[in-house]
Amino acid sequence: MSPDPFGNLKDWGPVLEHICELTDNGKLSECQPGLTRILAFQGNWRLREETLKRIGFIQNPSNELICQVMNMIADAKFIMK
């Protein structure tokens, strides 16, 4: 499987469906570069939110994925000030 099978994130419906399928099939961890890209994409909050919910199923998250989540937290703190 491609590490980033999500394609165009602006067409978010199919991306969201694919994330759900990967989670259900236990293959979400194989796509961590793509998940990292989704979390960095600020064009759709719903897609980012659903991705955040589902990455909790990943047993061994990559450093890049962890760093992107931390970047989102840091951005949120900056915005809330």
# chains A, B, ... in the order shown; residues from 1 in each chain; ligands from 1
>>> residues_around(residues="Met72 (chain A)", least_positions_apart="2", cutoff="12 Å", atoms="only C-alpha atoms", output="PyMOL selection string")
chain A and resi 36+38-42+45+48-49+52+65-70+74-79
>>> write_last_selection(atoms="N, CA, C and O atoms", output="short mmCIF file (atom, residue, chain, number, x, y, z; two decimals), in the first residue's frame")
data_model
loop_
_atom_site.label_atom_id
_atom_site.label_comp_id
_atom_site.auth_asym_id
_atom_site.auth_seq_id
_atom_site.Cartn_x
_atom_site.Cartn_y
_atom_site.Cartn_z
N THR A 36 -0.09 12.36 8.13
CA THR A 36 0.64 13.56 8.51
C THR A 36 0.29 14.71 7.57
O THR A 36 0.08 15.85 8.01
N ILE A 38 -2.49 15.06 5.87
CA ILE A 38 -3.87 15.48 6.17
C ILE A 38 -3.89 16.42 7.37
O ILE A 38 -4.56 17.45 7.35
N LEU A 39 -3.15 16.08 8.41
CA LEU A 39 -3.14 16.92 9.61
C LEU A 39 -2.50 18.28 9.35
O LEU A 39 -2.85 19.26 10.00
N ALA A 40 -1.60 18.35 8.39
CA ALA A 40 -0.97 19.63 8.05
C ALA A 40 -1.86 20.46 7.13
O ALA A 40 -1.70 21.68 7.04
N PHE A 41 -2.82 19.83 6.47
CA PHE A 41 -3.71 20.50 5.53
C PHE A 41 -4.77 21.30 6.29
O PHE A 41 -5.57 20.74 7.03
N GLN A 42 -4.76 22.59 6.11
CA GLN A 42 -5.69 23.44 6.86
C GLN A 42 -6.96 23.77 6.08
O GLN A 42 -7.76 24.58 6.51
N TRP A 45 -11.37 21.34 8.25
CA TRP A 45 -11.28 21.00 9.67
C TRP A 45 -11.91 19.64 9.95
O TRP A 45 -11.46 18.91 10.84
N ARG A 48 -9.44 16.86 9.23
CA ARG A 48 -8.39 16.85 10.26
C ARG A 48 -8.93 16.27 11.57
O ARG A 48 -8.26 15.48 12.23
N GLU A 49 -10.14 16.67 11.93
CA GLU A 49 -10.75 16.19 13.17
C GLU A 49 -10.92 14.67 13.15
O GLU A 49 -10.56 13.98 14.11
N LEU A 52 -7.58 12.94 13.48
CA LEU A 52 -7.10 12.97 14.87
C LEU A 52 -7.79 11.90 15.71
O LEU A 52 -7.15 11.25 16.54
N LEU A 65 4.42 12.00 12.46
CA LEU A 65 3.01 12.10 12.84
C LEU A 65 2.87 12.75 14.21
O LEU A 65 2.04 13.65 14.41
N ILE A 66 3.69 12.33 15.14
CA ILE A 66 3.67 12.92 16.49
C ILE A 66 4.00 14.41 16.43
O ILE A 66 3.31 15.23 17.06
N CYS A 67 5.01 14.77 15.66
CA CYS A 67 5.39 16.18 15.54
C CYS A 67 4.27 17.02 14.93
O CYS A 67 4.03 18.15 15.36
N GLN A 68 3.55 16.45 13.95
CA GLN A 68 2.46 17.21 13.34
C GLN A 68 1.33 17.43 14.33
O GLN A 68 0.74 18.50 14.38
N VAL A 69 1.02 16.44 15.14
CA VAL A 69 0.00 16.61 16.17
C VAL A 69 0.45 17.69 17.16
O VAL A 69 -0.34 18.57 17.54
N MET A 70 1.71 17.68 17.53
CA MET A 70 2.22 18.70 18.45
C MET A 70 2.17 20.09 17.81
O MET A 70 1.86 21.07 18.47
N ALA A 74 0.27 23.36 19.25
CA ALA A 74 0.97 24.65 19.40
C ALA A 74 0.22 25.75 18.63
O ALA A 74 0.06 26.86 19.15
N ASP A 75 -0.25 25.43 17.43
CA ASP A 75 -1.02 26.40 16.65
C ASP A 75 -2.31 26.78 17.36
O ASP A 75 -2.70 27.94 17.40
N ALA A 76 -2.98 25.78 17.93
CA ALA A 76 -4.24 26.03 18.62
C ALA A 76 -4.02 26.92 19.84
O ALA A 76 -4.80 27.82 20.12
N LYS A 77 -2.94 26.68 20.57
CA LYS A 77 -2.64 27.52 21.73
C LYS A 77 -2.36 28.95 21.31
O LYS A 77 -2.76 29.90 21.97
N PHE A 78 -1.67 29.11 20.20
CA PHE A 78 -1.34 30.46 19.70
C PHE A 78 -2.62 31.18 19.30
O PHE A 78 -2.81 32.35 19.60
N ILE A 79 -3.53 30.48 18.65
CA ILE A 79 -4.79 31.08 18.19
C ILE A 79 -5.67 31.46 19.37
O ILE A 79 -6.35 32.47 19.35
#
>>> residues_around(residues="region 15-32 of chain A", least_positions_apart="2", cutoff="10 Å", atoms="only C-alpha atoms", output="PDB file with C-alpha atoms, in the first residue's frame")
ATOM      1  CA  MET A   1       0.000   0.000   0.000  1.00  0.00           C
ATOM      2  CA  SER A   2       1.148   3.526  -0.735  1.00  0.00           C
ATOM      3  CA  PRO A   3       2.217   5.514   2.334  1.00  0.00           C
ATOM      4  CA  ASP A   4       0.010   8.363   1.042  1.00  0.00           C
ATOM      5  CA  PRO A   5      -3.032   6.930  -0.748  1.00  0.00           C
ATOM      6  CA  PHE A   6      -5.284   9.909  -0.065  1.00  0.00           C
ATOM      7  CA  GLY A   7      -4.830  11.986  -3.217  1.00  0.00           C
ATOM      8  CA  ASN A   8      -6.524  15.377  -3.487  1.00  0.00           C
ATOM      9  CA  LEU A   9      -7.480  16.517   0.003  1.00  0.00           C
ATOM     10  CA  LYS A  10      -9.838  19.163  -1.375  1.00  0.00           C
ATOM     11  CA  ASP A  11     -12.062  16.280  -2.495  1.00  0.00           C
ATOM     12  CA  TRP A  12     -12.406  15.236   1.119  1.00  0.00           C
ATOM     13  CA  GLY A  13     -15.402  12.866   0.972  1.00  0.00           C
ATOM     14  CA  GLY A  34      -0.484  10.559   4.256  1.00  0.00           C
ATOM     15  CA  LEU A  35      -2.077  11.056   7.670  1.00  0.00           C
ATOM     16  CA  THR A  36       0.645  13.565   8.508  1.00  0.00           C
ATOM     17  CA  ARG A  37      -0.165  15.443   5.294  1.00  0.00           C
ATOM     18  CA  ILE A  38      -3.868  15.482   6.167  1.00  0.00           C
ATOM     19  CA  ARG A  46     -13.648  18.005   9.472  1.00  0.00           C
ATOM     20  CA  LEU A  47     -11.054  15.855   7.736  1.00  0.00           C
ATOM     21  CA  ARG A  48      -8.391  16.850  10.256  1.00  0.00           C
ATOM     22  CA  GLU A  50     -11.648  12.702  11.959  1.00  0.00           C
ATOM     23  CA  THR A  51      -7.988  11.900  11.334  1.00  0.00           C
ATOM     24  CA  ARG A  54      -8.563   7.705  14.321  1.00  0.00           C
ATOM     25  CA  ILE A  55      -4.791   7.978  14.791  1.00  0.00           C
ATOM     26  CA  PHE A  57      -5.583   3.312  16.854  1.00  0.00           C
ATOM     27  CA  ILE A  58      -1.978   3.438  15.611  1.00  0.00           C
ATOM     28  CA  GLN A  59       0.268   1.308  17.822  1.00  0.00           C
ATOM     29  CA  ASN A  60       3.599   2.847  16.768  1.00  0.00           C
ATOM     30  CA  PRO A  61       3.143   6.376  15.454  1.00  0.00           C
ATOM     31  CA  SER A  62       6.011   7.859  13.464  1.00  0.00           C
ATOM     32  CA  ASN A  63       7.995  10.812  14.757  1.00  0.00           C
ATOM     33  CA  GLU A  64       6.612  12.886  11.874  1.00  0.00           C
ATOM     34  CA  LEU A  65       3.013  12.100  12.840  1.00  0.00           C
TER      35      LEU A  65
END
>>> select_by_dssp(residues="chain A", states="alpha helix (DSSP H)", output="PyMOL selection string")
chain A and resi 12-24+32-40+45-54+63-80
